[in-house]
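Chemist: Pasting data.txt here (compact mmCIF, C-alpha atoms):
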# COMPACT_ATOMS: atom_id res chain seq x y z
CA MET A 1 76.93 207.75 124.09
CA ILE A 2 80.70 207.35 124.41
CA VAL A 3 82.61 206.69 127.61
CA MET A 4 85.31 209.36 127.75
CA GLU A 5 88.09 207.14 129.04
CA GLU A 6 87.52 204.56 126.30
CA MET A 7 87.47 207.28 123.64
CA LEU A 8 90.74 208.73 124.90
CA LYS A 9 92.42 205.33 124.77
CA VAL A 10 91.47 205.09 121.10
CA PHE A 11 92.52 208.69 120.49
CA GLN A 12 95.90 208.06 122.10
CA GLN A 13 96.70 205.54 119.37
CA HIS A 14 96.41 208.28 116.76
CA ARG A 15 97.78 211.21 118.73
CA GLY A 16 101.28 211.11 117.27
CA ASP A 17 103.31 214.01 118.62
CA ALA A 18 100.47 216.49 118.67
CA ILE A 19 100.13 219.09 121.40
CA VAL A 20 96.99 218.25 123.35
CA VAL A 21 95.06 220.90 125.27
CA SER A 22 93.10 218.46 127.36
CA GLY A 23 90.45 220.68 128.94
CA ARG A 24 87.84 218.63 130.72
CA ALA A 25 89.29 215.41 129.31
CA ASN A 26 92.23 215.73 131.65
CA ARG A 27 90.57 213.69 134.39
CA HIS A 28 91.36 210.61 132.27
CA TRP A 29 93.91 211.89 129.73
CA ASP A 30 96.62 212.43 132.30
CA GLY A 31 96.68 208.70 133.02
CA ILE A 32 96.59 207.71 129.36
CA SER A 33 98.96 210.14 127.63
CA THR A 34 102.50 209.01 126.98
CA ILE A 35 103.92 212.43 126.03
CA LYS A 36 103.24 214.54 129.09
CA ASN A 37 105.40 217.44 127.93
CA ARG A 38 103.13 217.95 124.93
CA ASP A 39 100.01 217.99 127.09
CA LEU A 40 98.65 221.18 128.52
CA SER A 41 96.00 221.04 131.20
CA LEU A 42 95.15 224.42 132.63
CA GLY A 43 92.16 223.49 134.74
CA ASP A 44 89.55 226.14 134.06
CA PRO A 45 91.17 229.58 133.71
CA ALA A 46 87.84 231.07 132.56
CA MET A 47 85.00 229.31 130.83
CA GLY A 48 84.62 229.51 127.11
CA GLY A 49 88.28 230.08 126.29
CA HIS A 50 89.88 226.71 125.62
CA ALA A 51 89.26 226.63 121.88
CA SER A 52 90.57 230.15 121.29
CA PHE A 53 93.55 229.41 123.52
CA ALA A 54 94.35 226.33 121.48
CA LEU A 55 93.95 228.37 118.30
CA GLY A 56 96.56 230.78 119.63
CA LEU A 57 98.93 227.87 120.22
CA ALA A 58 98.28 226.56 116.73
CA LEU A 59 98.96 229.95 115.17
CA ALA A 60 102.22 230.33 117.08
CA GLN A 61 103.31 226.78 116.23
CA PRO A 62 102.03 226.21 112.69
CA ASN A 63 104.24 223.16 112.18
CA LYS A 64 102.87 221.30 115.19
CA LYS A 65 99.50 219.62 115.34
CA VAL A 66 97.31 221.13 118.10
CA ILE A 67 94.31 219.23 119.41
CA VAL A 68 91.86 220.66 121.92
CA PHE A 69 89.20 218.87 123.94
CA ASP A 70 86.49 221.45 124.35
CA SER A 71 83.16 221.05 126.10
CA GLU A 72 79.70 222.02 124.91
CA GLY A 73 79.12 224.24 127.94
CA ASP A 74 82.26 226.20 127.13
CA LEU A 75 81.45 226.32 123.43
CA GLN A 76 77.95 227.64 124.04
CA MET A 77 79.49 230.55 125.95
CA SER A 78 81.55 231.55 122.93
CA LEU A 79 79.95 230.18 119.80
CA GLY A 80 81.62 232.89 117.76
CA VAL A 81 84.92 231.12 118.31
CA LEU A 82 83.96 228.75 115.49
CA ALA A 83 83.95 231.63 113.00
CA MET A 84 87.18 232.93 114.50
CA ILE A 85 88.90 229.59 114.01
CA ALA A 86 87.46 228.96 110.56
CA GLU A 87 88.68 232.34 109.33
CA GLN A 88 92.27 231.54 110.29
CA LYS A 89 92.09 228.15 108.51
CA PRO A 90 94.74 226.54 110.75
CA LYS A 91 95.73 223.34 108.97
CA ASN A 92 97.26 222.04 112.21
CA PHE A 93 94.16 222.48 114.39
CA TYR A 94 91.69 219.81 115.53
CA HIS A 95 88.71 220.71 117.67
CA PHE A 96 87.19 217.83 119.63
CA LEU A 97 83.98 218.53 121.51
CA LEU A 98 83.02 216.54 124.61
CA ASP A 99 79.25 216.92 124.65
CA ASN A 100 77.85 215.42 127.83
CA GLU A 101 74.79 217.70 127.61
CA CYS A 102 75.36 219.10 131.11
CA TYR A 103 77.51 221.16 133.41
CA ALA A 104 79.09 218.19 135.18
CA THR A 105 81.22 220.39 137.43
CA THR A 106 78.23 222.02 139.12
CA GLY A 107 76.13 218.91 139.59
CA GLY A 108 74.92 217.92 136.13
CA GLN A 109 72.40 220.62 135.26
CA PRO A 110 71.57 220.61 131.54
CA VAL A 111 73.10 223.15 129.19
CA PRO A 112 70.53 225.12 127.19
CA ASN A 113 68.74 222.94 124.65
CA ALA A 114 71.14 220.16 125.56
CA LYS A 115 69.72 217.33 123.47
CA THR A 116 68.97 219.10 120.22
CA ILE A 117 71.97 221.14 119.15
CA ALA A 118 74.00 219.91 116.18
CA TYR A 119 77.39 221.43 116.92
CA ASP A 120 78.95 219.88 113.83
CA THR A 121 76.35 221.66 111.67
CA ILE A 122 77.15 224.97 113.37
CA ALA A 123 80.88 224.41 112.85
CA LYS A 124 80.37 223.62 109.18
CA GLY A 125 78.12 226.63 108.83
CA CYS A 126 80.83 228.82 110.37
CA GLY A 127 83.32 227.64 107.78
CA TYR A 128 85.08 224.58 109.16
CA PRO A 129 85.93 222.53 106.08
CA ALA A 130 85.38 219.29 108.00
CA ALA A 131 82.96 218.59 110.84
CA TYR A 132 81.81 215.29 112.26
CA ALA A 133 79.51 214.02 115.00
CA TYR A 134 79.73 210.64 116.73
CA THR A 135 77.44 209.03 119.25
CA ASN A 136 79.20 205.68 119.56
CA LEU A 137 82.77 204.57 120.08
CA GLU A 138 82.86 202.29 117.04
CA SER A 139 82.18 205.08 114.53
CA PHE A 140 84.67 207.35 116.26
CA SER A 141 87.33 204.65 116.31
CA VAL A 142 86.96 203.89 112.61
CA ASN A 143 87.31 207.56 111.61
CA VAL A 144 89.60 209.35 114.06
CA GLY A 145 92.85 208.27 112.42
CA ARG A 146 91.69 209.52 109.03
CA ILE A 147 90.47 212.80 110.49
CA LEU A 148 93.79 213.49 112.20
CA GLY A 149 95.65 212.57 109.06
CA GLU A 150 93.91 215.19 106.97
CA PRO A 151 94.61 218.93 107.14
CA GLY A 152 92.60 220.87 109.65
CA PRO A 153 90.73 222.63 110.89
CA ALA A 154 88.43 219.78 111.72
CA PHE A 155 85.63 219.65 114.26
CA VAL A 156 84.64 216.41 115.97
CA ALA A 157 81.61 216.42 118.25
CA MET A 158 81.12 213.41 120.49
CA LYS A 159 78.21 212.59 122.76
CA ILE A 160 79.89 211.65 126.03
CA VAL A 161 78.51 209.86 129.08
CA PRO A 162 78.38 212.49 131.82
CA GLU A 163 80.56 212.02 134.88
CA VAL A 164 78.94 214.18 137.51
CA GLU A 165 80.77 214.67 140.76
CA ASN A 166 78.33 215.83 143.41
CA VAL A 167 80.92 216.90 145.91
CA PRO A 168 81.60 220.53 146.76
CA ILE A 169 84.39 221.83 144.55
CA GLY A 170 86.62 222.61 147.50
CA GLN A 171 86.44 218.97 148.65
CA ARG A 172 87.25 217.30 145.34
CA VAL A 173 90.48 215.43 144.75
CA PRO A 174 92.70 217.72 142.66
CA ARG A 175 93.15 216.33 139.19
CA LEU A 176 96.11 218.35 138.00
CA ARG A 177 99.31 216.49 138.74
CA ARG A 178 101.37 219.45 137.65
CA THR A 179 100.62 223.07 138.42
CA LYS A 180 99.52 225.21 135.49
CA ASP A 181 102.82 227.06 135.63
CA GLN A 182 104.78 223.80 135.51
CA GLY A 183 102.68 222.48 132.65
CA ILE A 184 103.29 225.67 130.67
CA ALA A 185 107.01 225.60 131.43
CA ASP A 186 107.28 221.95 130.40
CA LEU A 187 105.49 222.59 127.11
CA ARG A 188 107.58 225.65 126.30
CA ALA A 189 110.76 223.75 127.05
CA GLU A 190 109.55 220.94 124.81
CA LEU A 191 108.86 223.44 122.03
CA GLY A 192 112.12 225.31 122.60
CA VAL A 193 110.43 228.69 123.12
CA SER A 194 111.70 231.29 125.51
CA ASN A 195 110.05 234.58 124.58
CA MET B 1 87.01 268.98 117.97
CA THR B 2 90.09 269.15 115.76
CA THR B 3 90.23 267.51 112.39
CA GLU B 4 93.97 267.09 112.61
CA ALA B 5 95.18 263.59 113.43
CA SER B 6 97.06 263.77 116.73
CA LEU B 7 97.98 260.11 117.01
CA SER B 8 98.84 258.63 113.68
CA PRO B 9 98.15 254.98 112.94
CA GLU B 10 101.56 254.81 111.27
CA THR B 11 103.16 255.71 114.60
CA VAL B 12 101.17 253.00 116.38
CA LEU B 13 102.17 250.40 113.82
CA ALA B 14 105.81 251.41 114.13
CA GLU B 15 105.63 250.87 117.89
CA MET B 16 104.06 247.45 117.37
CA LYS B 17 106.88 246.46 115.07
CA LYS B 18 109.45 247.79 117.51
CA GLY B 19 107.83 245.59 120.15
CA GLY B 20 108.21 242.52 117.94
CA ILE B 21 104.49 241.94 117.70
CA THR B 22 103.63 238.84 115.68
CA HIS B 23 99.86 238.72 116.14
CA VAL B 24 97.23 241.42 116.66
CA VAL B 25 94.19 239.90 118.35
CA TRP B 26 91.44 242.37 117.90
CA LEU B 27 87.91 243.51 117.47
CA PRO B 28 87.49 246.80 115.59
CA ASP B 29 86.25 249.89 117.34
CA SER B 30 85.02 253.11 115.87
CA GLU B 31 88.44 254.56 115.21
CA THR B 32 90.69 251.78 113.97
CA ASN B 33 89.87 251.45 110.29
CA TRP B 34 93.00 253.12 108.95
CA LEU B 35 95.18 251.20 111.40
CA TYR B 36 93.44 248.03 110.24
CA LEU B 37 94.38 248.71 106.64
CA LEU B 38 98.01 249.31 107.64
CA MET B 39 98.15 246.16 109.78
CA LYS B 40 96.56 244.10 107.01
CA ALA B 41 99.30 245.21 104.63
CA GLU B 42 102.11 244.50 107.11
CA PRO B 43 103.70 241.11 106.36
CA SER B 44 105.22 240.64 109.82
CA ILE B 45 101.84 240.78 111.55
CA THR B 46 98.99 238.28 111.56
CA LEU B 47 95.57 239.71 112.31
CA VAL B 48 93.33 237.49 114.41
CA ALA B 49 89.78 238.79 114.52
CA VAL B 50 87.68 237.85 117.53
CA PRO B 51 83.87 237.89 117.64
CA ARG B 52 83.86 238.91 121.31
CA GLU B 53 86.69 240.56 123.24
CA GLY B 54 87.02 237.91 125.95
CA LEU B 55 88.36 235.51 123.35
CA ALA B 56 91.23 237.90 122.66
CA PHE B 57 92.68 237.15 126.10
CA SER B 58 92.56 233.37 125.78
CA CYS B 59 93.89 233.50 122.23
CA ALA B 60 96.70 235.88 123.20
CA ALA B 61 97.64 233.50 126.02
CA GLY B 62 97.91 230.65 123.54
CA ILE B 63 99.99 232.72 121.13
CA TYR B 64 102.41 233.76 123.87
CA ILE B 65 102.80 230.29 125.33
CA GLY B 66 103.43 228.99 121.82
CA GLY B 67 106.27 231.48 121.36
CA GLY B 68 104.55 234.42 119.64
CA THR B 69 104.22 238.02 120.80
CA PRO B 70 100.59 239.10 120.75
CA ILE B 71 98.97 242.47 121.31
CA ILE B 72 95.28 242.86 122.10
CA LEU B 73 93.47 245.70 120.34
CA ILE B 74 89.94 246.36 121.65
CA GLN B 75 87.65 249.11 122.85
CA ASN B 76 87.14 249.95 126.53
CA THR B 77 83.62 248.56 126.39
CA GLY B 78 84.94 245.21 125.23
CA MET B 79 87.67 245.24 127.83
CA MET B 80 85.09 245.59 130.55
CA GLU B 81 83.00 242.82 129.03
CA SER B 82 86.09 240.57 129.18
CA GLY B 83 86.84 240.86 132.88
CA ASP B 84 86.81 237.18 133.80
CA SER B 85 88.67 236.13 130.67
CA MET B 86 91.29 238.76 131.34
CA ARG B 87 91.58 237.50 134.90
CA GLY B 88 91.80 233.81 134.10
CA TRP B 89 93.67 233.66 130.83
CA THR B 90 96.24 236.44 131.26
CA MET B 91 96.57 237.43 134.92
CA GLY B 92 96.07 233.87 136.13
CA LEU B 93 98.59 232.45 133.68
CA ASN B 94 101.17 235.24 133.98
CA ILE B 95 100.92 236.31 130.37
CA PRO B 96 102.87 239.47 129.48
CA VAL B 97 100.51 241.11 127.00
CA VAL B 98 99.81 244.71 126.10
CA MET B 99 96.21 245.61 125.47
CA MET B 100 95.69 248.69 123.38
CA VAL B 101 92.29 249.97 124.44
CA GLY B 102 90.24 252.55 122.60
CA TYR B 103 89.08 255.00 125.24
CA ARG B 104 85.56 255.62 124.02
CA GLY B 105 84.03 258.64 125.68
CA TYR B 106 87.36 260.05 126.87
CA THR B 107 87.14 263.78 127.61
CA ARG B 108 90.51 264.28 129.30
CA HIS B 109 88.81 263.89 132.67
CA GLY B 110 86.26 266.52 131.75
CA VAL B 111 82.53 265.97 131.98
CA ASN B 112 81.82 262.38 131.03
CA LYS B 113 78.71 261.77 129.01
CA ASP B 114 79.58 258.17 128.31
CA THR B 115 79.64 255.66 131.15
CA ALA B 116 82.16 253.61 129.17
CA ALA B 117 84.67 256.36 129.94
CA THR B 118 83.44 256.74 133.52
CA TYR B 119 84.36 253.19 134.41
CA THR B 120 87.42 252.50 132.25
CA GLU B 121 90.14 253.58 134.64
CA ARG B 122 88.18 252.38 137.66
CA PHE B 123 88.01 248.95 136.04
CA LEU B 124 91.76 248.86 135.43
CA ASN B 125 92.48 250.06 138.95
CA ALA B 126 90.18 247.40 140.39
CA PHE B 127 92.24 244.74 138.63
CA GLY B 128 95.52 246.41 139.53
CA ILE B 129 96.47 246.77 135.87
CA GLN B 130 99.00 249.44 135.02
CA TYR B 131 97.95 251.71 132.19
CA TYR B 132 99.41 254.49 130.08
CA LEU B 133 97.44 257.15 128.26
CA VAL B 134 98.42 257.88 124.67
CA GLU B 135 96.79 260.89 123.05
CA HIS B 136 99.34 262.21 120.58
CA SER B 137 102.12 260.73 118.49
CA SER B 138 104.56 262.26 120.95
CA ASP B 139 103.13 259.85 123.57
CA ALA B 140 104.05 256.86 121.41
CA PRO B 141 107.14 255.89 123.45
CA ARG B 142 104.71 254.94 126.22
CA ILE B 143 103.70 252.00 124.05
CA SER B 144 107.24 250.67 124.22
CA VAL B 145 107.24 251.28 127.97
CA ALA B 146 104.12 249.16 128.20
CA PHE B 147 105.77 246.31 126.26
CA GLU B 148 108.77 246.35 128.59
CA GLU B 149 106.63 246.50 131.70
CA ALA B 150 104.45 243.60 130.56
CA LYS B 151 107.57 241.51 129.94
CA LYS B 152 109.07 242.41 133.29
CA THR B 153 105.92 241.84 135.36
CA LYS B 154 104.37 239.00 133.31
CA ARG B 155 101.05 240.78 133.58
CA PRO B 156 98.80 242.59 131.14
CA VAL B 157 99.50 246.31 130.75
CA ALA B 158 97.06 248.69 129.07
CA ILE B 159 97.56 251.50 126.64
CA LEU B 160 94.53 253.76 126.68
CA VAL B 161 94.16 255.41 123.32
CA GLY B 162 92.61 258.76 124.16
CA ASP B 163 92.49 260.05 120.66
CA GLU B 164 89.05 259.02 119.58
CA TYR B 165 87.94 262.45 118.57
CA HIS B 166 91.20 263.65 117.12
CA GLY B 167 91.06 261.60 113.98
CA PHE B 168 92.94 258.44 114.92
CA ASN B 169 91.00 256.93 112.10
CA ARG B 170 92.84 259.08 109.55
Can I see the file as structure tokens?
Modeler:
Amino acid sequence: MIVMEEMLKVFQQHRGDAIVVSGRANRHWDGISTIKNRDLSLGDPAMGGHASFALGLALAQPNKKVIVFDSEGDLQMSLGVLAMIAEQKPKNFYHFLLDNECYATTGGQPVPNAKTIAYDTIAKGCGYPAAYAYTNLESFSVNVGRILGEPGPAFVAMKIVPEVENVPIGQRVPRLRRTKDQGIADLRAELGVSN
Amino acid sequence: MTTEASLSPETVLAEMKKGGITHVVWLPDSETNWLYLLMKAEPSITLVAVPREGLAFSCAAGIYIGGGTPIILIQNTGMMESGDSMRGWTMGLNIPVVMMVGYRGYTRHGVNKDTAATYTERFLNAFGIQYYLVEHSSDAPRISVAFEEAKKTKRPVAILVGDEYHGFNR
């Protein structure tokens, strides 16, 4: 399994100027990213929506690379999103899946059939032209640059070491350094949009 | 039940274009086939099909934040299914989006035989979402009102399409 922080440090080397919807990677990404105004961390507006949100961004900004860090718990809630994304064929869209096999936020309970699902196979079956699965950092590191250099959509599933925080949600240290509104405003200013 | 079309799909499409819509995020309902064919042929609009209506709200949020102007086109049943997505991705992020909602079961506040109709307006009222009823082509200006109100309030606004039995599908 891959340690998320180490993976993100490798990813950062290949990020370029892509927009990154960091999802549940934000706990580490915020400290690693060097282009904060192209990062969007929204916390958890509603589960299951990060990939489709990032698709919307990619459709509105077809000349910018958009990368989303999704989670397997979210993806299971909206598996149809893979068909939705594949149909649009966004060449600028890269779908990374952080599969820690559990709902870390609520104490680490397993997601349904946690150990046996091949998300890359499902993505390919839904029409993604490229889908990969990595269980170790070395394989990911060797391939991530090539994947991001090819047209999307591409799906990259990674088995991630779970980081379970067994503290009541209301007592956790807030991870967002900017409010959602500020993050959105910063990204829109960076993109020059004012609709 | 009249066989005359009271709300023409051409009128709806014209309102969408007037509103500067760039993307229609949608899941078909029983009455939108003819509108679908018109939208598909319209070069200024990208159709984004969703497999479940909740994804329309998150996708629309992404489109708006990225600089596009989305509209959500779903049935009342799907709107109710989407409650938490609507809350988190549009109301929680201040997204000005119009949702055009097929009012399945609508009987002009007559005797409801379809619980989808029974709960549609109650659902919108519970969320505090402003809505406008459009039954005939003469109601079409309400669609533009909805666009303006969404922009002004940065909240979703609903258009309830109460023309299911009048041949909106023509």
Chemist: Record the distance separating atom CA of A:Ala131 and atom CA of B:Ile65, expressed in Å with one decimal.
Modeler: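 Here the two named atoms are 27.2 Å from each other.
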Chemist: Find the spatial neighbours of stretch 161-169 of chain A, counting all atoms listed in the file, within a cut-off of 8 Å - ignore same-chain residues fewer than 3 positions away - and output them as a PyMOL selection string.
Modeler: chain A and resi 1-4+100-102+104-108+172
Chemist: Mind listing as a VMD selection string which residues of chain A are within 10 Å of chain B, counting all atoms listed in the file?
Modeler: chain A and resid 42 44 to 62 78 to 85 87 to 88 180 to 181 184 to 185 187 to 188 191 to 195
Chemist: Considering all atoms listed in the file, state which residue in the set B:Leu7, B:Ile45, B:Val97, B:Tyr103 is at the smallest distance from B:Thr115.
Modeler: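 Of B:Leu7, B:Ile45, B:Val97, B:Tyr103, the one nearest B:Thr115 is B:Tyr103, counting all atoms listed in the file.
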Chemist: Which distance in Å separates atom CA of A:Ala154 and atom CA of A:Asn136, to one decimal?
Modeler: 18.6 Å
Chemist: For a quick check of understanding, using only C-alpha atoms, which of A:Leu98, A:Thr121, A:Tyr103, A:Ser139 has the smallest distance to A:Lys159?
Modeler: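 Checking each of A:Leu98, A:Thr121, A:Tyr103, A:Ser139 against A:Lys159, counting only C-alpha atoms, the winner is A:Leu98.
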Chemist: So how many Å separate atom CA of B:Glu53 and atom CA of A:Lys64, to one decimal?
Modeler: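 Atom-to-atom, atom CA of B:Glu53 and atom CA of A:Lys64 are spaced 26.4 Å apart.
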Chemist: Take stretch 87-102 of chain B from the preceding structure and save N, CA and C atoms as an mmCIF file, in the first residue's frame.
Modeler:
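Full text of selection.cif as output:
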data_model
loop_
_atom_site.group_PDB
_atom_site.id
_atom_site.type_symbol
_atom_site.label_atom_id
_atom_site.label_comp_id
_atom_site.auth_asym_id
_atom_site.auth_seq_id
_atom_site.Cartn_x
_atom_site.Cartn_y
_atom_site.Cartn_z
ATOM 1 N N ARG B 87 -28.088 20.412 -1.687
ATOM 2 C CA ARG B 87 -27.690 21.198 -0.523
ATOM 3 C C ARG B 87 -26.209 21.521 -0.558
ATOM 4 N N GLY B 88 -25.390 20.471 -0.686
ATOM 5 C CA GLY B 88 -23.952 20.650 -0.525
ATOM 6 C C GLY B 88 -23.261 21.293 -1.714
ATOM 7 N N TRP B 89 -23.645 20.902 -2.916
ATOM 8 C CA TRP B 89 -22.895 21.357 -4.085
ATOM 9 C C TRP B 89 -23.418 22.661 -4.682
ATOM 10 N N THR B 90 -24.679 23.008 -4.448
ATOM 11 C CA THR B 90 -25.149 24.277 -5.011
ATOM 12 C C THR B 90 -25.483 25.287 -3.921
ATOM 13 N N MET B 91 -26.320 24.922 -2.953
ATOM 14 C CA MET B 91 -26.648 25.882 -1.903
ATOM 15 C C MET B 91 -25.431 26.165 -1.038
ATOM 16 N N GLY B 92 -24.675 25.126 -0.716
ATOM 17 C CA GLY B 92 -23.512 25.306 0.149
ATOM 18 C C GLY B 92 -22.364 26.046 -0.517
ATOM 19 N N LEU B 93 -22.327 26.036 -1.831
ATOM 20 C CA LEU B 93 -21.235 26.706 -2.545
ATOM 21 C C LEU B 93 -21.715 27.967 -3.269
ATOM 22 N N ASN B 94 -22.960 28.361 -3.009
ATOM 23 C CA ASN B 94 -23.481 29.604 -3.599
ATOM 24 C C ASN B 94 -23.442 29.591 -5.128
ATOM 25 N N ILE B 95 -23.978 28.535 -5.688
ATOM 26 C CA ILE B 95 -23.959 28.379 -7.137
ATOM 27 C C ILE B 95 -25.286 28.872 -7.718
ATOM 28 N N PRO B 96 -25.249 29.851 -8.594
ATOM 29 C CA PRO B 96 -26.490 30.354 -9.206
ATOM 30 C C PRO B 96 -26.903 29.470 -10.373
ATOM 31 N N VAL B 97 -27.751 28.514 -10.147
ATOM 32 C CA VAL B 97 -28.123 27.587 -11.214
ATOM 33 C C VAL B 97 -29.634 27.442 -11.253
ATOM 34 N N VAL B 98 -30.162 27.403 -12.468
ATOM 35 C CA VAL B 98 -31.585 27.127 -12.636
ATOM 36 C C VAL B 98 -31.756 25.633 -12.844
ATOM 37 N N MET B 99 -32.729 25.065 -12.140
ATOM 38 C CA MET B 99 -33.059 23.672 -12.411
ATOM 39 C C MET B 99 -34.464 23.640 -13.010
ATOM 40 N N MET B 100 -34.515 23.070 -14.201
ATOM 41 C CA MET B 100 -35.784 22.937 -14.884
ATOM 42 C C MET B 100 -36.309 21.548 -14.543
ATOM 43 N N VAL B 101 -37.419 21.498 -13.852
ATOM 44 C CA VAL B 101 -37.867 20.256 -13.222
ATOM 45 C C VAL B 101 -39.192 19.818 -13.812
ATOM 46 N N GLY B 102 -39.204 18.668 -14.426
ATOM 47 C CA GLY B 102 -40.453 18.103 -14.924
ATOM 48 C C GLY B 102 -41.362 17.760 -13.756
#
